[in-house]
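A.B. asks: Before I ask anything, let me first share the structure, which is written out below as structure tokens.
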Amino acid sequence: MKTLIAALRGPLRLSARPLCAGAVALLAAGPALAHATLEEGEAPVGAYAKVVVNIPHGCDGQATHTVRVELPEGFYAAKPMPKPGWELTTETGPYAAPYDNHGHEMTEGVRAITWTEGDLPDAWFDQFTFRGRVGPKLSAGDRLDFVTVQTCADGQVAWDGSDEGHPAPALTLTAAQGDGHGHHHAAADEVELGDLTIRDAFALATPPNAPVAGGFLTLVNEGAADDRLIAARSDVAGRVEIHEMAMEGDVMKMRELPDGLPIPAGETVELKPGGYHIMFMDLKGPLVEGETAAVTLVFETAGEVEVQLPIKARGAAGGHGHGQDHGMLRNGEGGKADHASAAEAGRPVMTAALLDRARDAARVN
Ligand SMILES: [Cu+2]
């Protein structure tokens with residue numbers, strides 16, 4: 001009757017009697033019928049995979065208080081998902097061979113994940129989740145075994161493949177997606193840095209004497225960890241800031257992001273006219289259409305990278321005078337633009353200053 005006592009010690013005790021009867025019926029059917037398995041048993045070579053381990057029952061009727069999963073060689077950059085009611089710990093260690101993570105060598109990482117202090121009654125089912133990446137040098141058809149051990153008050157069940165009745169939960173690998181290693185290559189105009197891809201970069205041409213200009217690009221974080229664009233610098237400007245547009249009352253204004261721009265794991269963040277942008281302050285000269293402006297982006301985690309911004313004509317690519325208007329509408333507070341312009345709100349703009357300039361040009365000619 002040990003099994004029943006174990007069940008009664010857990011939350012089942014709080015349930016109505018019919019549930020207890022159900023637990024007994026399950027035991028009669030044989031607790032070892034269901035194995036610990038993965039919810040999704042396949043993953044492409046080179047891809048990030050969310051791995052969900054199913055724990056279908058306890059140890060010979062007892063409630064499970066600890067689940068430990070060992071991560072096989074070939075599965076790297078792993079991150080566990082915390083679980084309410086369970087303490088989470090990880091063991092890190094070296095990989096047998098380093099992984100090339102876009103030019104950054106990864107030599108170690110999480111090798112085992114343990115959830116403890118839990119209480120999963122035998123009659124209940126639960127899932128334990130983590131994320132990681134499948135090594136790009138593995139082959140379709142390879143199998144990654146995630147040896148899982150569940151521990152109860154008086155014993156353990158090891159899903160380690162030591163006998164037929166206890167196979168390890170496994171991922172069977174499928175062909176790499178896309179270009180053959182499951183992770184897209186940078187196109188000619190893309191820059192990769194760690195898990196970040198930077199693409200569609202451009203700046204808008206400025207008129208002579210414009211003190212500021214805007215730079216735009218798209219940031220893709222294909223990693224499992226959040227990152228953050230914290231700074232930028234460029235030879236074309238005295239200083240470079242990361243800005244956002246925000247409504248202040250009825251008007252759209254821009255302001256510096258004091259903590260930088262978050263780039264959450266798995267997400268794409270667009271810097272575009274009317275939204276987030278790179279602000280070139282104290283321009284050393286005009287940005288001329290057809291040339292490029294180099295900017296060095298500094299990320300909290302991924303590090304630094306230089307990106308070339310092709311300079312497009314104003315009016316191109318939805319451009320509408322971002323840079324120019326920063327200059328035209330500068331309010332003189334230390335050159336810190338604090339404008340609210342139609343351009344920033346995404347509308348075409350013809351400012352009074354632009355009209356004056358056009359008239360001047362007409363007179364001279
Ligand atoms: Cu700005």
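Starting from 1 in every chain, residues are counted up; chains themselves are A, B, ... following the order of the structure tokens, and ligands are numbered from 1 as listed.
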Write down as an NGL selection string the residues of region 78-300 of chain A whose backbone DSSP state falls under strand (DSSP E).

C.D. replies: :A and (78-80 or 87-101 or 104-116 or 126-134 or 143-145 or 148-152 or 155-159 or 170-174 or 191-193 or 196-204 or 213-221 or 227-233 or 237-248 or 251-256 or 261-263 or 268-271 or 277-283 or 292-299)

A.B. asks: Please, could you write that set of residues out with C-alpha atoms as a short mmCIF file (atom, residue, chain, number, x, y, z; two decimals), in the first residue's frame?

C.D. replies:
```
data_model
loop_
_atom_site.label_atom_id
_atom_site.label_comp_id
_atom_site.auth_asym_id
_atom_site.auth_seq_id
_atom_site.Cartn_x
_atom_site.Cartn_y
_atom_site.Cartn_z
CA ALA A 78 20.69 25.34 -24.13
CA LYS A 79 18.38 27.36 -21.89
CA PRO A 80 15.89 25.81 -19.50
CA GLU A 87 13.48 24.89 -8.29
CA LEU A 88 15.61 25.07 -11.40
CA THR A 89 19.34 24.36 -11.50
CA THR A 90 21.75 23.81 -14.37
CA GLU A 91 25.13 22.17 -14.68
CA THR A 92 27.50 23.68 -17.19
CA GLY A 93 30.54 22.09 -18.73
CA PRO A 94 32.72 22.02 -21.82
CA TYR A 95 31.49 20.72 -25.16
CA ALA A 96 33.49 17.89 -26.73
CA ALA A 97 34.20 20.24 -29.62
CA PRO A 98 33.54 23.97 -29.77
CA TYR A 99 30.60 25.25 -31.81
CA ASP A 100 31.00 28.07 -34.24
CA ASN A 101 28.23 30.50 -33.45
CA HIS A 104 32.05 33.28 -32.02
CA GLU A 105 33.45 30.09 -30.56
CA MET A 106 31.25 28.43 -27.94
CA THR A 107 33.30 26.01 -25.88
CA GLU A 108 30.92 25.32 -23.00
CA GLY A 109 27.34 25.57 -21.92
CA VAL A 110 24.52 23.91 -20.02
CA ARG A 111 25.00 20.12 -19.96
CA ALA A 112 22.28 19.12 -17.51
CA ILE A 113 19.07 20.65 -16.20
CA THR A 114 17.42 19.70 -12.92
CA TRP A 115 14.00 20.66 -11.63
CA THR A 116 13.73 19.92 -7.89
CA ASP A 126 3.65 17.03 -16.44
CA GLN A 127 6.14 18.52 -18.89
CA PHE A 128 9.64 19.94 -18.51
CA THR A 129 10.86 22.33 -21.16
CA PHE A 130 14.13 23.73 -22.47
CA ARG A 131 15.50 25.17 -25.66
CA GLY A 132 18.77 24.68 -27.47
CA ARG A 133 20.38 24.25 -30.81
CA VAL A 134 21.12 21.11 -32.77
CA ARG A 143 19.45 10.56 -32.74
CA LEU A 144 20.06 12.70 -29.69
CA ASP A 145 19.23 10.93 -26.42
CA THR A 148 16.15 11.67 -17.95
CA VAL A 149 16.02 10.59 -14.32
CA GLN A 150 13.01 11.17 -12.14
CA THR A 151 13.48 10.89 -8.39
CA CYS A 152 10.82 10.12 -5.81
CA GLY A 155 13.58 5.60 -5.51
CA GLN A 156 14.30 6.66 -9.05
CA VAL A 157 13.32 5.86 -12.58
CA ALA A 158 16.09 6.31 -15.10
CA TRP A 159 15.11 6.79 -18.74
CA ALA A 170 15.14 11.17 -28.01
CA LEU A 171 15.20 13.68 -30.83
CA THR A 172 15.54 12.22 -34.30
CA LEU A 173 17.21 14.71 -36.60
CA THR A 174 15.75 15.72 -39.92
CA VAL A 191 25.84 41.43 -41.52
CA GLU A 192 25.85 38.66 -38.96
CA LEU A 193 27.11 39.04 -35.42
CA LEU A 196 22.06 38.73 -34.72
CA THR A 197 21.50 39.48 -38.37
CA ILE A 198 21.52 43.10 -39.50
CA ARG A 199 19.92 43.85 -42.83
CA ASP A 200 18.19 46.51 -44.92
CA ALA A 201 20.49 49.21 -43.57
CA PHE A 202 20.36 52.68 -45.08
CA ALA A 203 20.69 56.36 -44.28
CA LEU A 204 18.96 59.25 -45.96
CA ALA A 213 20.75 62.52 -40.04
CA GLY A 214 18.84 59.30 -39.51
CA GLY A 215 20.05 55.75 -40.04
CA PHE A 216 17.78 52.74 -40.37
CA LEU A 217 18.14 48.97 -40.38
CA THR A 218 16.49 45.74 -39.36
CA LEU A 219 17.80 43.61 -36.50
CA VAL A 220 16.93 39.92 -36.29
CA ASN A 221 17.76 38.01 -33.13
CA ASP A 227 20.23 41.28 -26.58
CA ARG A 228 20.23 45.06 -26.68
CA LEU A 229 21.61 47.72 -28.99
CA ILE A 230 23.28 49.94 -26.42
CA ALA A 231 25.40 52.36 -28.45
CA ALA A 232 26.64 53.35 -31.86
CA ARG A 233 29.43 55.48 -33.27
CA ALA A 237 29.08 62.28 -36.87
CA GLY A 238 30.30 63.84 -33.65
CA ARG A 239 28.14 61.41 -31.77
CA VAL A 240 25.51 58.82 -32.47
CA GLU A 241 22.41 58.07 -30.42
CA ILE A 242 19.69 55.45 -30.51
CA HIS A 243 16.30 57.17 -30.74
CA GLU A 244 12.67 56.28 -30.61
CA MET A 245 9.60 58.22 -31.71
CA ALA A 246 6.88 58.58 -29.14
CA MET A 247 3.66 60.50 -28.80
CA GLU A 248 3.86 63.38 -26.37
CA VAL A 251 2.62 65.37 -31.21
CA MET A 252 5.17 62.78 -32.22
CA LYS A 253 8.54 63.52 -30.70
CA MET A 254 11.80 61.70 -30.67
CA ARG A 255 13.94 60.90 -27.71
CA GLU A 256 17.08 59.00 -26.91
CA LEU A 261 16.99 49.25 -27.77
CA PRO A 262 16.00 45.73 -26.61
CA ILE A 263 16.22 42.97 -29.21
CA THR A 268 12.89 41.18 -35.35
CA VAL A 269 13.24 44.86 -34.53
CA GLU A 270 12.94 47.39 -37.31
CA LEU A 271 14.55 50.82 -37.25
CA HIS A 277 16.32 55.13 -35.60
CA ILE A 278 20.02 55.72 -35.35
CA MET A 279 20.60 59.45 -34.93
CA PHE A 280 23.78 60.90 -36.32
CA MET A 281 24.36 64.09 -34.32
CA ASP A 282 26.82 66.89 -35.17
CA LEU A 283 27.29 65.68 -38.74
CA THR A 292 27.84 54.95 -47.77
CA ALA A 293 28.07 55.86 -44.13
CA ALA A 294 29.75 53.38 -41.81
CA VAL A 295 28.35 52.98 -38.33
CA THR A 296 29.62 50.73 -35.56
CA LEU A 297 26.81 49.16 -33.58
CA VAL A 298 27.47 48.05 -30.01
CA PHE A 299 25.34 45.27 -28.55
#
```

A.B. asks: My list of candidates is A:Leu257, A:Ala36, A:Cys59, A:Ala205. Which is closest to Ile311 (chain A) when distances are computed with only C-alpha atoms?

C.D. replies: A:Ala205

A.B. asks: Can you tell me, as JSON, numbers by chain, what residues are no more than 10 Å from Asp226 (chain A) when counting only C-alpha atoms, ignoring any on the same chain fewer than 3 positions away?

C.D. replies: {"A": [195, 221, 222, 223, 262, 263, 264, 265, 266, 267, 300, 301, 302]}

A.B. asks: Output the selection as a PDB file, in the first residue's frame - C-alpha atoms for each residue.

C.D. replies:
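Contents of out-v3.pdb, freshly written:
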```
ATOM      1  CA  ASP A 195      22.862  35.326 -33.279  1.00  0.00           C
ATOM      2  CA  ASN A 221      17.763  38.007 -33.134  1.00  0.00           C
ATOM      3  CA  GLU A 222      17.776  34.315 -33.957  1.00  0.00           C
ATOM      4  CA  GLY A 223      19.281  33.423 -30.610  1.00  0.00           C
ATOM      5  CA  PRO A 262      15.996  45.732 -26.606  1.00  0.00           C
ATOM      6  CA  ILE A 263      16.217  42.970 -29.205  1.00  0.00           C
ATOM      7  CA  PRO A 264      14.295  40.071 -27.642  1.00  0.00           C
ATOM      8  CA  ALA A 265      15.249  36.490 -28.404  1.00  0.00           C
ATOM      9  CA  GLY A 266      13.652  35.251 -31.587  1.00  0.00           C
ATOM     10  CA  GLU A 267      12.336  38.636 -32.596  1.00  0.00           C
ATOM     11  CA  GLU A 300      25.208  44.300 -24.900  1.00  0.00           C
ATOM     12  CA  THR A 301      25.821  40.608 -25.583  1.00  0.00           C
ATOM     13  CA  ALA A 302      26.835  40.137 -29.196  1.00  0.00           C
TER      14      ALA A 302
END
```

A.B. asks: Which value, in Å to one decimal, gives the distance between CA of Glu40 (chain A) and CA of Asn54 (chain A)?

C.D. replies: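 Answer for the CA of Glu40 (chain A) to CA of Asn54 (chain A) separation: 10.0 Å.
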
A.B. asks: Mind checking which residues fall within 9 Å of Pro208 (chain A), counting only C-alpha atoms, ignoring those fewer than 4 positions away in the same chain, and posting them as a list of chain:residue names?

C.D. replies: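 The residues that qualify are A:Gly285, A:Pro286, A:Leu287.
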
A.B. asks: Expressed in Å to a single decimal, how great is the separation between CA of Arg68 (chain A) and CA of Asp119 (chain A)?

C.D. replies: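 Those two atoms sit 14.1 Å apart.
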
A.B. asks: Residues near His35 (chain A), anyone? I mean within 8 Å using only C-alpha atoms, not counting same-chain ones fewer than 6 positions away, as a list in words.

C.D. replies: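 The residues that qualify are Ile55, Pro56, Trp159, Gly165, His166 and Pro167 of chain A.
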
A.B. asks: Output the selection as a short mmCIF file (atom, residue, chain, number, x, y, z; two decimals), in the first residue's frame - N, CA and C atoms for each residue.

C.D. replies:
```cif
data_model
loop_
_atom_site.label_atom_id
_atom_site.label_comp_id
_atom_site.auth_asym_id
_atom_site.auth_seq_id
_atom_site.Cartn_x
_atom_site.Cartn_y
_atom_site.Cartn_z
N ILE A 55 6.66 13.64 -18.53
CA ILE A 55 6.80 12.70 -17.41
C ILE A 55 5.40 12.17 -17.09
N PRO A 56 5.12 10.95 -17.53
CA PRO A 56 3.74 10.46 -17.47
C PRO A 56 3.35 9.81 -16.16
N TRP A 159 15.43 6.99 -17.32
CA TRP A 159 15.11 6.79 -18.74
C TRP A 159 16.41 7.00 -19.51
N GLY A 165 12.66 -1.40 -21.55
CA GLY A 165 11.53 -0.75 -20.90
C GLY A 165 11.78 0.70 -20.53
N HIS A 166 13.03 1.13 -20.65
CA HIS A 166 13.36 2.49 -20.23
C HIS A 166 14.19 3.24 -21.26
N PRO A 167 13.61 3.46 -22.43
CA PRO A 167 14.35 4.21 -23.46
C PRO A 167 14.54 5.67 -23.02
#
```

A.B. asks: Take CA of Pro82 (chain A) and CA of Lys137 (chain A) and report the distance between them in Å, one decimal.

C.D. replies: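 Interatomic distance, CA of Pro82 (chain A) to CA of Lys137 (chain A): 29.3 Å.
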
A.B. asks: Given only C-alpha atoms as the basis, pick out the residue of A:Lys284, A:Glu291, A:Asp259, A:Gly74 nearest to Val212 (chain A).

C.D. replies: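 Closest residue, counting only C-alpha atoms: A:Lys284.
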
A.B. asks: Out of A:Gly85, A:Gly274, A:Pro258, A:Pro44, which residue has the shortest atom-to-atom distance to ligand 1 when counting only C-alpha atoms and all ligand atoms?

C.D. replies: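 The answer is A:Gly274, which sits nearest to ligand 1.
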
A.B. asks: Calculated over only C-alpha atoms and all ligand atoms, which of the candidates A:Gly290, A:Pro273, A:Gly303, A:Gly194 has the smallest distance to ligand 1?

C.D. replies: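 Smallest distance to ligand 1 is found for A:Pro273.
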